[in-house]
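Enquirer: Structure supplied as structure-v9.pdb; contents: PDB, C-alpha atoms.
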MODEL        1
ATOM      1  CA  MET F 217     166.471   4.432  48.665
ATOM      2  CA  ALA F 218     163.062   5.789  47.761
ATOM      3  CA  ARG F 219     160.220   4.525  49.916
ATOM      4  CA  PRO F 220     157.715   2.502  47.875
ATOM      5  CA  ALA F 221     154.325   4.090  47.438
ATOM      6  CA  PHE F 222     151.602   2.716  49.662
ATOM      7  CA  SER F 223     149.268   0.446  47.748
ATOM      8  CA  PRO F 224     146.163  -0.742  49.601
ATOM      9  CA  SER F 225     145.289  -4.400  49.329
ATOM     10  CA  LYS F 226     142.246  -5.638  47.489
ATOM     11  CA  PRO F 227     140.256  -6.278  50.692
ATOM     12  CA  ALA F 228     141.015  -2.712  51.853
ATOM     13  CA  LYS F 229     139.869  -1.310  48.504
ATOM     14  CA  ALA F 230     136.710  -3.400  48.631
ATOM     15  CA  HIS F 231     136.008  -2.178  52.181
ATOM     16  CA  THR F 232     136.501   1.455  51.106
ATOM     17  CA  VAL F 233     134.127   1.003  48.173
ATOM     18  CA  ARG F 234     131.543  -0.654  50.442
ATOM     19  CA  VAL F 235     131.755   2.165  53.000
ATOM     20  CA  ARG F 236     131.376   4.826  50.315
ATOM     21  CA  TRP F 237     128.436   2.983  48.783
ATOM     22  CA  LEU F 238     126.676   2.741  52.164
ATOM     23  CA  GLY F 239     127.369   6.430  52.809
ATOM     24  CA  ALA F 240     125.909   7.358  49.424
ATOM     25  CA  CYS F 241     122.801   5.269  50.145
ATOM     26  CA  TYR F 242     122.345   7.042  53.477
ATOM     27  CA  ALA F 243     122.713  10.455  51.826
ATOM     28  CA  VAL F 244     120.087   9.503  49.232
ATOM     29  CA  LEU F 245     117.766   8.376  52.032
ATOM     30  CA  VAL F 246     118.167  11.710  53.887
ATOM     31  CA  VAL F 247     117.442  13.684  50.691
ATOM     32  CA  ALA F 248     114.397  11.497  49.990
ATOM     33  CA  CYS F 249     113.049  12.212  53.489
ATOM     34  CA  LEU F 250     113.485  15.973  52.996
ATOM     35  CA  ILE F 251     111.771  15.855  49.595
ATOM     36  CA  SER F 252     108.903  13.829  51.092
ATOM     37  CA  LEU F 253     108.321  16.447  53.802
ATOM     38  CA  ALA F 254     108.491  19.256  51.244
ATOM     39  CA  LEU F 255     105.961  17.580  48.932
ATOM     40  CA  GLN F 256     103.557  17.024  51.854
ATOM     41  CA  GLY F 257     103.894  20.660  52.931
ATOM     42  CA  ASP F 258     105.238  19.680  56.348
ATOM     43  CA  LEU F 259     108.675  21.269  55.961
ATOM     44  CA  SER F 260     107.627  24.410  57.788
ATOM     45  CA  PHE F 261     108.673  26.190  60.974
ATOM     46  CA  GLY F 262     105.359  27.977  61.489
ATOM     47  CA  ARG F 263     104.740  31.704  61.592
ATOM     48  CA  ASN F 264     107.207  34.073  63.248
ATOM     49  CA  PRO F 265     109.584  31.324  64.407
ATOM     50  CA  TRP F 266     112.313  33.792  65.396
ATOM     51  CA  ASN F 267     109.980  35.894  67.551
ATOM     52  CA  ASN F 268     108.648  32.748  69.198
ATOM     53  CA  LEU F 269     112.193  31.527  69.793
ATOM     54  CA  VAL F 270     113.259  34.812  71.423
ATOM     55  CA  ARG F 271     110.173  34.918  73.651
ATOM     56  CA  THR F 272     110.560  31.292  74.716
ATOM     57  CA  ALA F 273     114.281  31.715  75.354
ATOM     58  CA  SER F 274     113.513  34.725  77.524
ATOM     59  CA  ASP F 275     111.073  32.686  79.615
ATOM     60  CA  PHE F 276     113.541  29.803  79.907
ATOM     61  CA  SER F 277     116.262  32.162  81.117
ATOM     62  CA  HIS F 278     114.385  32.579  84.419
ATOM     63  CA  PRO F 279     113.764  29.091  85.908
ATOM     64  CA  SER F 280     110.919  29.122  88.376
ATOM     65  CA  PHE F 281     112.990  27.723  91.260
ATOM     66  CA  LEU F 282     114.648  31.165  91.572
ATOM     67  CA  ASP F 283     111.310  32.572  92.713
ATOM     68  CA  ALA F 284     111.497  30.406  95.828
ATOM     69  CA  TRP F 285     114.082  32.909  97.140
ATOM     70  CA  PHE F 286     113.866  35.985  94.907
ATOM     71  CA  GLY F 287     110.228  36.048  93.807
ATOM     72  CA  PRO F 288     107.754  38.760  94.864
ATOM     73  CA  GLU F 289     106.114  38.197  98.230
ATOM     74  CA  ARG F 290     102.942  39.855  96.946
ATOM     75  CA  LEU F 291     102.024  38.919  93.379
ATOM     76  CA  GLU F 292      98.696  40.345  92.199
ATOM     77  CA  PHE F 293      96.624  38.754  89.435
ATOM     78  CA  LYS F 294      94.291  41.312  87.877
ATOM     79  CA  ALA F 295      91.379  41.157  85.462
ATOM     80  CA  ASP F 296      91.223  43.246  82.293
ATOM     81  CA  ASP F 297      89.279  45.941  84.117
ATOM     82  CA  GLY F 298      91.934  46.227  86.844
ATOM     83  CA  ARG F 299      90.139  44.227  89.543
ATOM     84  CA  ILE F 300      92.451  42.131  91.721
ATOM     85  CA  LEU F 301      91.451  38.510  91.315
ATOM     86  CA  ARG F 302      93.883  36.988  93.789
ATOM     87  CA  VAL F 303      97.141  37.667  95.574
ATOM     88  CA  GLU F 304      99.813  35.084  96.287
ATOM     89  CA  ASN F 305     103.205  34.915  97.911
ATOM     90  CA  ARG F 306     105.360  33.761  95.025
ATOM     91  CA  ARG F 307     108.103  32.464  97.293
ATOM     92  CA  GLU F 308     105.786  30.222  99.289
ATOM     93  CA  THR F 309     104.088  28.960  96.099
ATOM     94  CA  GLU F 310     107.366  27.961  94.460
ATOM     95  CA  ARG F 311     108.685  26.329  97.625
ATOM     96  CA  ALA F 312     105.575  24.162  97.754
ATOM     97  CA  TYR F 313     106.071  23.370  94.054
ATOM     98  CA  LEU F 314     109.688  22.361  94.689
ATOM     99  CA  ALA F 315     108.542  19.983  97.433
ATOM    100  CA  GLY F 316     106.190  18.312  94.955
ATOM    101  CA  LEU F 317     108.992  18.297  92.390
ATOM    102  CA  ALA F 318     111.252  16.394  94.789
ATOM    103  CA  SER F 319     108.559  13.770  95.310
ATOM    104  CA  ALA F 320     107.987  13.439  91.541
ATOM    105  CA  THR F 321     111.738  13.099  90.928
ATOM    106  CA  TRP F 322     111.956  10.255  93.430
ATOM    107  CA  THR F 323     108.952   8.550  91.808
ATOM    108  CA  THR F 324     110.646   8.755  88.403
ATOM    109  CA  PHE F 325     113.826   7.242  89.832
ATOM    110  CA  VAL F 326     111.838   4.454  91.502
ATOM    111  CA  ILE F 327     110.068   3.611  88.225
ATOM    112  CA  ALA F 328     113.364   3.414  86.332
ATOM    113  CA  THR F 329     115.131   1.433  89.074
ATOM    114  CA  LEU F 330     112.463  -1.201  89.693
ATOM    115  CA  GLY F 331     111.645  -1.557  85.993
ATOM    116  CA  SER F 332     115.322  -2.058  85.140
ATOM    117  CA  ALA F 333     115.848  -4.541  87.981
ATOM    118  CA  LEU F 334     112.797  -6.561  86.972
ATOM    119  CA  ALA F 335     113.817  -6.683  83.310
ATOM    120  CA  GLY F 336     117.466  -7.419  84.077
ATOM    121  CA  ALA F 337     116.591 -10.392  86.288
ATOM    122  CA  PHE F 338     114.131 -11.971  83.850
ATOM    123  CA  ALA F 339     116.410 -11.342  80.872
ATOM    124  CA  VAL F 340     119.200 -13.621  82.153
ATOM    125  CA  PRO F 341     117.484 -16.929  81.265
ATOM    126  CA  PHE F 342     116.132 -15.415  78.048
ATOM    127  CA  GLY F 343     119.633 -14.297  77.075
ATOM    128  CA  LEU F 344     121.032 -17.749  77.800
ATOM    129  CA  ILE F 345     118.407 -19.378  75.608
ATOM    130  CA  ALA F 346     118.753 -16.817  72.791
ATOM    131  CA  ALA F 347     122.564 -17.096  72.578
ATOM    132  CA  ARG F 348     123.429 -19.078  69.460
ATOM    133  CA  ASN F 349     126.316 -20.861  71.109
ATOM    134  CA  ALA F 350     124.310 -21.929  74.173
ATOM    135  CA  GLY F 351     123.037 -25.109  72.575
ATOM    136  CA  ALA F 352     119.337 -24.399  73.212
ATOM    137  CA  PRO F 353     116.978 -26.325  70.902
ATOM    138  CA  ARG F 354     115.801 -24.360  67.890
ATOM    139  CA  TRP F 355     112.120 -24.758  68.780
ATOM    140  CA  LEU F 356     112.827 -22.902  72.038
ATOM    141  CA  ALA F 357     115.538 -20.424  71.002
ATOM    142  CA  GLN F 358     113.702 -19.036  67.985
ATOM    143  CA  PRO F 359     110.488 -18.027  69.841
ATOM    144  CA  VAL F 360     112.605 -16.445  72.610
ATOM    145  CA  ARG F 361     114.514 -14.344  70.053
ATOM    146  CA  MET F 362     111.214 -13.285  68.486
ATOM    147  CA  LEU F 363     109.849 -12.331  71.930
ATOM    148  CA  LEU F 364     112.938 -10.238  72.690
ATOM    149  CA  ASN F 365     112.665  -8.505  69.318
ATOM    150  CA  ALA F 366     108.984  -7.758  69.948
ATOM    151  CA  CYS F 367     109.654  -6.282  73.398
ATOM    152  CA  ARG F 368     112.477  -4.165  72.030
ATOM    153  CA  SER F 369     110.378  -2.934  69.103
ATOM    154  CA  VAL F 370     107.485  -1.590  71.180
ATOM    155  CA  HIS F 371     108.274   1.687  72.952
ATOM    156  CA  SER F 372     107.793   1.879  76.694
ATOM    157  CA  LEU F 373     105.265   4.677  76.149
ATOM    158  CA  VAL F 374     103.058   2.290  74.167
ATOM    159  CA  PHE F 375     103.413  -0.370  76.837
ATOM    160  CA  GLY F 376     102.478   2.289  79.374
ATOM    161  CA  LEU F 377      99.305   3.225  77.521
ATOM    162  CA  VAL F 378      98.189  -0.404  77.553
ATOM    163  CA  LEU F 379      99.195  -1.050  81.155
ATOM    164  CA  VAL F 380      97.479   2.070  82.490
ATOM    165  CA  GLY F 381      94.246   0.574  81.177
ATOM    166  CA  ILE F 382      95.042  -2.746  82.888
ATOM    167  CA  VAL F 383      96.523  -1.838  86.285
ATOM    168  CA  GLY F 384      95.313   1.771  86.482
ATOM    169  CA  LEU F 385      97.122   5.058  86.955
ATOM    170  CA  GLY F 386     100.270   5.154  89.037
ATOM    171  CA  PRO F 387     103.902   4.053  89.167
ATOM    172  CA  VAL F 388     103.154   0.325  88.788
ATOM    173  CA  ALA F 389     102.125   0.865  85.167
ATOM    174  CA  GLY F 390     105.367   2.758  84.565
ATOM    175  CA  ILE F 391     107.491   0.055  86.207
ATOM    176  CA  LEU F 392     105.933  -2.688  84.094
ATOM    177  CA  ALA F 393     106.230  -0.597  80.921
ATOM    178  CA  ILE F 394     109.943  -0.008  81.523
ATOM    179  CA  ALA F 395     110.434  -3.687  82.354
ATOM    180  CA  LEU F 396     108.686  -5.011  79.235
ATOM    181  CA  HIS F 397     110.533  -2.704  76.863
ATOM    182  CA  SER F 398     113.908  -3.220  78.551
ATOM    183  CA  LEU F 399     113.500  -6.997  78.602
ATOM    184  CA  GLY F 400     114.186  -7.104  74.870
ATOM    185  CA  THR F 401     117.274  -4.909  75.136
ATOM    186  CA  TYR F 402     118.685  -6.762  78.126
ATOM    187  CA  GLY F 403     118.085 -10.154  76.517
ATOM    188  CA  LYS F 404     119.725  -9.175  73.230
ATOM    189  CA  LEU F 405     122.816  -7.656  74.877
ATOM    190  CA  TYR F 406     123.147 -10.575  77.299
ATOM    191  CA  ALA F 407     122.960 -13.008  74.383
ATOM    192  CA  GLU F 408     125.591 -11.045  72.445
ATOM    193  CA  THR F 409     127.874 -11.077  75.492
ATOM    194  CA  ILE F 410     127.577 -14.857  75.693
ATOM    195  CA  GLU F 411     128.135 -15.234  71.950
ATOM    196  CA  SER F 412     131.340 -13.189  72.193
ATOM    197  CA  ALA F 413     132.903 -15.720  74.558
ATOM    198  CA  SER F 414     136.080 -17.402  73.402
ATOM    199  CA  PRO F 415     135.440 -20.711  71.569
ATOM    200  CA  GLN F 416     138.312 -22.260  73.551
ATOM    201  CA  LEU F 417     136.234 -21.750  76.694
ATOM    202  CA  PHE F 418     133.491 -24.013  75.371
ATOM    203  CA  GLU F 419     135.888 -26.510  73.830
ATOM    204  CA  SER F 420     137.777 -26.966  77.073
ATOM    205  CA  GLY F 421     134.543 -27.289  79.059
ATOM    206  CA  LEU F 422     133.040 -29.814  76.655
ATOM    207  CA  ALA F 423     136.308 -31.773  76.650
ATOM    208  CA  LEU F 424     135.995 -32.107  80.411
ATOM    209  CA  GLY F 425     132.533 -33.605  80.012
ATOM    210  CA  PHE F 426     130.409 -30.548  80.865
ATOM    211  CA  LYS F 427     127.255 -29.705  78.977
ATOM    212  CA  PRO F 428     127.017 -26.315  77.130
ATOM    213  CA  ALA F 429     124.606 -24.963  79.762
ATOM    214  CA  GLN F 430     127.027 -25.920  82.556
ATOM    215  CA  VAL F 431     129.924 -24.264  80.743
ATOM    216  CA  LEU F 432     127.851 -21.105  80.306
ATOM    217  CA  TRP F 433     126.840 -21.074  83.964
ATOM    218  CA  PHE F 434     130.445 -21.370  85.082
ATOM    219  CA  ALA F 435     131.554 -18.695  82.610
ATOM    220  CA  MET F 436     128.742 -16.386  83.687
ATOM    221  CA  ARG F 437     129.829 -16.648  87.316
ATOM    222  CA  ARG F 438     133.497 -16.138  86.510
ATOM    223  CA  GLY F 439     133.598 -13.838  83.492
ATOM    224  CA  PHE F 440     130.259 -12.573  82.233
ATOM    225  CA  TYR F 441     129.006 -10.725  85.288
ATOM    226  CA  PRO F 442     131.103  -7.555  84.693
ATOM    227  CA  GLN F 443     129.666  -7.247  81.175
ATOM    228  CA  PHE F 444     126.181  -8.021  82.468
ATOM    229  CA  ALA F 445     126.583  -5.393  85.181
ATOM    230  CA  SER F 446     127.857  -2.826  82.676
ATOM    231  CA  THR F 447     124.880  -3.536  80.418
ATOM    232  CA  HIS F 448     122.508  -3.190  83.351
ATOM    233  CA  LEU F 449     124.012   0.149  84.379
ATOM    234  CA  TYR F 450     123.764   1.523  80.839
ATOM    235  CA  ILE F 451     120.119   0.518  80.384
ATOM    236  CA  TRP F 452     119.260   1.686  83.892
ATOM    237  CA  GLU F 453     120.739   5.082  83.036
ATOM    238  CA  PHE F 454     118.718   5.184  79.816
ATOM    239  CA  ASN F 455     115.534   4.203  81.648
ATOM    240  CA  VAL F 456     115.961   7.129  84.048
ATOM    241  CA  ARG F 457     115.626   9.387  81.015
ATOM    242  CA  ASP F 458     112.861   7.290  79.470
ATOM    243  CA  SER F 459     110.753   7.195  82.633
ATOM    244  CA  THR F 460     110.516  10.995  82.738
ATOM    245  CA  VAL F 461     107.928  10.915  79.937
ATOM    246  CA  LEU F 462     105.770   8.125  81.327
ATOM    247  CA  GLY F 463     103.987  10.626  83.542
ATOM    248  CA  LEU F 464     102.435  12.023  80.373
ATOM    249  CA  ILE F 465     100.165   8.977  80.267
ATOM    250  CA  GLY F 466      99.425   8.855  83.994
ATOM    251  CA  ALA F 467     102.271   6.658  85.234
ATOM    252  CA  GLY F 468     103.461   9.285  87.725
ATOM    253  CA  GLY F 469     106.752  11.080  88.093
ATOM    254  CA  LEU F 470     108.188  14.107  86.337
ATOM    255  CA  GLY F 471     106.261  13.551  83.127
ATOM    256  CA  LEU F 472     103.025  14.742  84.731
ATOM    257  CA  LEU F 473     104.667  18.012  85.793
ATOM    258  CA  VAL F 474     106.214  18.445  82.332
ATOM    259  CA  SER F 475     102.813  17.963  80.704
ATOM    260  CA  GLU F 476     101.231  20.464  83.086
ATOM    261  CA  ALA F 477     103.940  23.083  82.489
ATOM    262  CA  VAL F 478     103.703  22.744  78.705
ATOM    263  CA  SER F 479      99.895  22.861  78.625
ATOM    264  CA  LEU F 480      99.878  26.039  80.759
ATOM    265  CA  PHE F 481     102.836  27.634  78.907
ATOM    266  CA  GLN F 482     104.779  27.819  82.169
ATOM    267  CA  TRP F 483     108.212  27.905  80.545
ATOM    268  CA  GLY F 484     109.931  28.969  83.758
ATOM    269  CA  ARG F 485     108.712  25.848  85.522
ATOM    270  CA  LEU F 486     109.560  23.754  82.473
ATOM    271  CA  ALA F 487     113.099  25.145  82.649
ATOM    272  CA  THR F 488     113.284  24.025  86.288
ATOM    273  CA  LEU F 489     112.031  20.561  85.351
ATOM    274  CA  LEU F 490     114.564  20.212  82.542
ATOM    275  CA  LEU F 491     117.371  21.264  84.886
ATOM    276  CA  VAL F 492     116.302  18.581  87.363
ATOM    277  CA  ILE F 493     116.184  15.939  84.606
ATOM    278  CA  VAL F 494     119.634  16.928  83.309
ATOM    279  CA  LEU F 495     121.124  16.865  86.811
ATOM    280  CA  MET F 496     119.534  13.506  87.594
ATOM    281  CA  VAL F 497     120.822  11.933  84.371
ATOM    282  CA  ALA F 498     124.292  13.459  84.859
ATOM    283  CA  LEU F 499     124.454  12.113  88.412
ATOM    284  CA  MET F 500     123.355   8.698  87.187
ATOM    285  CA  ASP F 501     125.985   8.803  84.435
ATOM    286  CA  ARG F 502     128.787   9.624  86.870
ATOM    287  CA  THR F 503     127.620   6.982  89.340
ATOM    288  CA  SER F 504     127.367   4.225  86.724
ATOM    289  CA  ALA F 505     130.779   5.175  85.307
ATOM    290  CA  TRP F 506     132.301   4.889  88.781
ATOM    291  CA  ILE F 507     130.683   1.486  89.360
ATOM    292  CA  ARG F 508     131.877   0.201  85.966
ATOM    293  CA  ASN F 509     135.373   1.382  86.795
ATOM    294  CA  GLN F 510     135.251  -0.508  90.093
ATOM    295  CA  LEU F 511     134.127  -3.670  88.309
ATOM    296  CA  LEU F 512     137.003  -3.449  85.840
ATOM    297  CA  ARG F 513     139.451  -3.182  88.738
ATOM    298  CA  THR F 514     138.091  -6.327  90.360
ATOM    299  CA  PRO F 515     140.571  -9.221  90.097
ATOM    300  CA  GLY F 516     139.329 -12.019  87.876
ATOM    301  CA  SER F 517     136.687  -9.879  86.187
ATOM    302  CA  THR F 518     137.989 -10.531  82.686
ATOM    303  CA  LEU F 519     136.371 -13.168  80.528
ATOM    304  CA  GLY F 520     137.727 -16.571  81.092
ATOM    305  CA  ALA F 521     139.634 -15.636  84.239
TER     306      ALA F 521
ENDMDL
END
Please express the file's structure as structure tokens.

Expert:
Amino acid sequence: MARPAFSPSKPAKAHTVRVRWLGACYAVLVVACLISLALQGDLSFGRNPWNNLVRTASDFSHPSFLDAWFGPERLEFKADDGRILRVENRRETERAYLAGLASATWTTFVIATLGSALAGAFAVPFGLIAARNAGAPRWLAQPVRMLLNACRSVHSLVFGLVLVGIVGLGPVAGILAIALHSLGTYGKLYAETIESASPQLFESGLALGFKPAQVLWFAMRRGFYPQFASTHLYIWEFNVRDSTVLGLIGAGGLGLLVSEAVSLFQWGRLATLLLVIVLMVALMDRTSAWIRNQLLRTPGSTLGA
């Protein structure tokens, strides 16, 4: 017997048409952006981009940390007329730079860690209030959602610029900037986790005479904490990357060294900095993945357990 031809249902056809329409709209938007840049004269790669790329790639191929062991022990800096301006031991100079790099790396990690912890702690009550199934009064829930949207909309770099003027230069400005920006993300994801809870959980709790807030508190202790922890680990990992640029505005950490290397065209040192950032983020990624895996193995960590 011949197998009947597959005929998609009307909802499937409608979904396909909707996906294609959205894809076409996105393609039109991309083309419009390219045309806008071309009309403004900004669709340019500068002069001699290939030569610049080759020269920069050559500088990047020799990270400065190699000079700590293989650099010249007598490096002479000469004027145009041949006079020796100064002599330095390249190995000793780079070893001192690496010591400062280690301190800056730790400062960046501290900014990301404390900022994430501060935001994650304060976001729990905000997430509970913003969740649409939490039963919070509208006059309270709506302003909280607007506050979370505002925090999420403003980049941590902008918060940092404002906070440097308030609390001064240093890591505290970076910590508060990370915390304010992350508060919106934490609160939104916490609220979505609560909203994804099974309706039977609330129905059974309300049937037993509990209030919605009491049901949520019990569910958060029993089922939500693995999702909350996973959210915290993800944002913490992101903030490690984000905090590397806060030094550009005086908040301390690796950003200050990146700004210095770029302004002085020290591409070898910039290559070393980028390697450190990549290694730090990779280590954070592996660590957070391991912790999430441990949480999933914990008995009773599933929602509603």

Enquirer: Would you write out, as a list in words, every residue that the PyMOL selection byres ((chain F and resi 475) around 12) captures in this file?

Expert: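 On this input, the PyMOL selection byres ((chain F and resi 475) around 12) captures Thr460, Val461, Leu462, Gly463, Leu464, Ile465, Gly466, Gly468, Gly469, Leu470, Gly471, Leu472, Leu473, Val474, Glu476, Ala477, Val478, Ser479, Leu480, Phe481, Gln482, Trp483, Arg485, Leu486 and Leu489 of chain F.
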
Enquirer: List as an mmCIF file with C-alpha atoms, in the frame of the given file: which residues have an atom within 12 Å of (121.4, 12.0, 83.5), counting only C-alpha atoms?

Expert:
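Output file part.cif follows:
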data_model
loop_
_atom_site.group_PDB
_atom_site.id
_atom_site.type_symbol
_atom_site.label_atom_id
_atom_site.label_comp_id
_atom_site.auth_asym_id
_atom_site.auth_seq_id
_atom_site.Cartn_x
_atom_site.Cartn_y
_atom_site.Cartn_z
ATOM 1 C CA PHE F 325 113.826 7.242 89.832
ATOM 2 C CA TYR F 450 123.764 1.523 80.839
ATOM 3 C CA ILE F 451 120.119 0.518 80.384
ATOM 4 C CA TRP F 452 119.260 1.686 83.892
ATOM 5 C CA GLU F 453 120.739 5.082 83.036
ATOM 6 C CA PHE F 454 118.718 5.184 79.816
ATOM 7 C CA ASN F 455 115.534 4.203 81.648
ATOM 8 C CA VAL F 456 115.961 7.129 84.048
ATOM 9 C CA ARG F 457 115.626 9.387 81.015
ATOM 10 C CA ASP F 458 112.861 7.290 79.470
ATOM 11 C CA SER F 459 110.753 7.195 82.633
ATOM 12 C CA THR F 460 110.516 10.995 82.738
ATOM 13 C CA LEU F 490 114.564 20.212 82.542
ATOM 14 C CA LEU F 491 117.371 21.264 84.886
ATOM 15 C CA VAL F 492 116.302 18.581 87.363
ATOM 16 C CA ILE F 493 116.184 15.939 84.606
ATOM 17 C CA VAL F 494 119.634 16.928 83.309
ATOM 18 C CA LEU F 495 121.124 16.865 86.811
ATOM 19 C CA MET F 496 119.534 13.506 87.594
ATOM 20 C CA VAL F 497 120.822 11.933 84.371
ATOM 21 C CA ALA F 498 124.292 13.459 84.859
ATOM 22 C CA LEU F 499 124.454 12.113 88.412
ATOM 23 C CA MET F 500 123.355 8.698 87.187
ATOM 24 C CA ASP F 501 125.985 8.803 84.435
ATOM 25 C CA ARG F 502 128.787 9.624 86.870
ATOM 26 C CA THR F 503 127.620 6.982 89.340
ATOM 27 C CA SER F 504 127.367 4.225 86.724
ATOM 28 C CA ALA F 505 130.779 5.175 85.307
#

Enquirer: Could you check how far CA of Ser446 (chain F) sits from CA of Ser332 (chain F), in Å to one decimal?

Expert: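 Taking CA of Ser446 (chain F) and CA of Ser332 (chain F), their separation equals 12.8 Å.
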
Enquirer: Expressed in Å to a single decimal, how great is the separation between CA of Glu411 (chain F) and CA of Arg234 (chain F)?

Expert: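 It comes out at 26.2 Å.
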
Enquirer: State, in Å with one decimal place, the distance from CA of Trp322 (chain F) to CA of Thr488 (chain F).

Expert: 15.6 Å

Enquirer: Output as lines of an AutoDock Vina configuration file the centre and edge lengths (Å, one decimal) of the box along x, y and z of the file that holds every listed atom of region 467-486 of chain F after adding 8 Å on each side.

Expert:
center_x = 104.9
center_y = 17.8
center_z = 83.4
size_x = 26.1
size_y = 38.3
size_z = 25.5

Enquirer: To verify the selection step, state as a PyMOL selection string which residues the PyMOL selection byres ((chain F and resi 361) around 9) yields on this input.

Expert: chain F and resi 342-343+345-347+356-360+362-366+400+403-404

Enquirer: Run through the PyMOL selection byres ((chain F and resi 379) around 10) on the given coordinates and return the selected residues as a ChimeraX atom specification.

Expert: /F:373-378,380-385,388-393,467

Enquirer: Would you please work out which residue, of F:Thr272, F:Thr409, F:Tyr402, F:Tyr313, is nearest to Phe338 (chain F) when using all atoms listed in the file?

Expert: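 Once distances to Phe338 (chain F) are computed over all atoms listed in the file, the minimum belongs to F:Tyr402.
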
Enquirer: From the options F:Gln510, F:Gln443, F:Thr232, F:Asn264, which residue's atoms come nearest to Leu405 (chain F), counting all atoms listed in the file?

Expert: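 Ranking F:Gln510, F:Gln443, F:Thr232, F:Asn264 by distance to Leu405 (chain F), first place goes to F:Gln443.
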
Enquirer: For the point (119.6, -7.6, 83.5) in file coordinates, what residues are within 6 Å, counting only C-alpha atoms? Give the answer as a PyMOL selection string?

Expert: chain F and resi 335-337+339+402+448

Enquirer: Measuring atom to atom with all atoms listed in the file, identify which of F:Ala228, F:Ala318, F:Leu250, F:Leu282 is nearest to Gly484 (chain F).

Expert: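 Result for the nearest residue to Gly484 (chain F): F:Leu282.
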
Enquirer: Of the residues F:Asn267, F:Ser260, F:Ser412, F:Thr324, which is the one nearest to Asn349 (chain F), using all atoms listed in the file?

Expert: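 Between F:Asn267, F:Ser260, F:Ser412, F:Thr324, the residue approaching Asn349 (chain F) most closely is F:Ser412.
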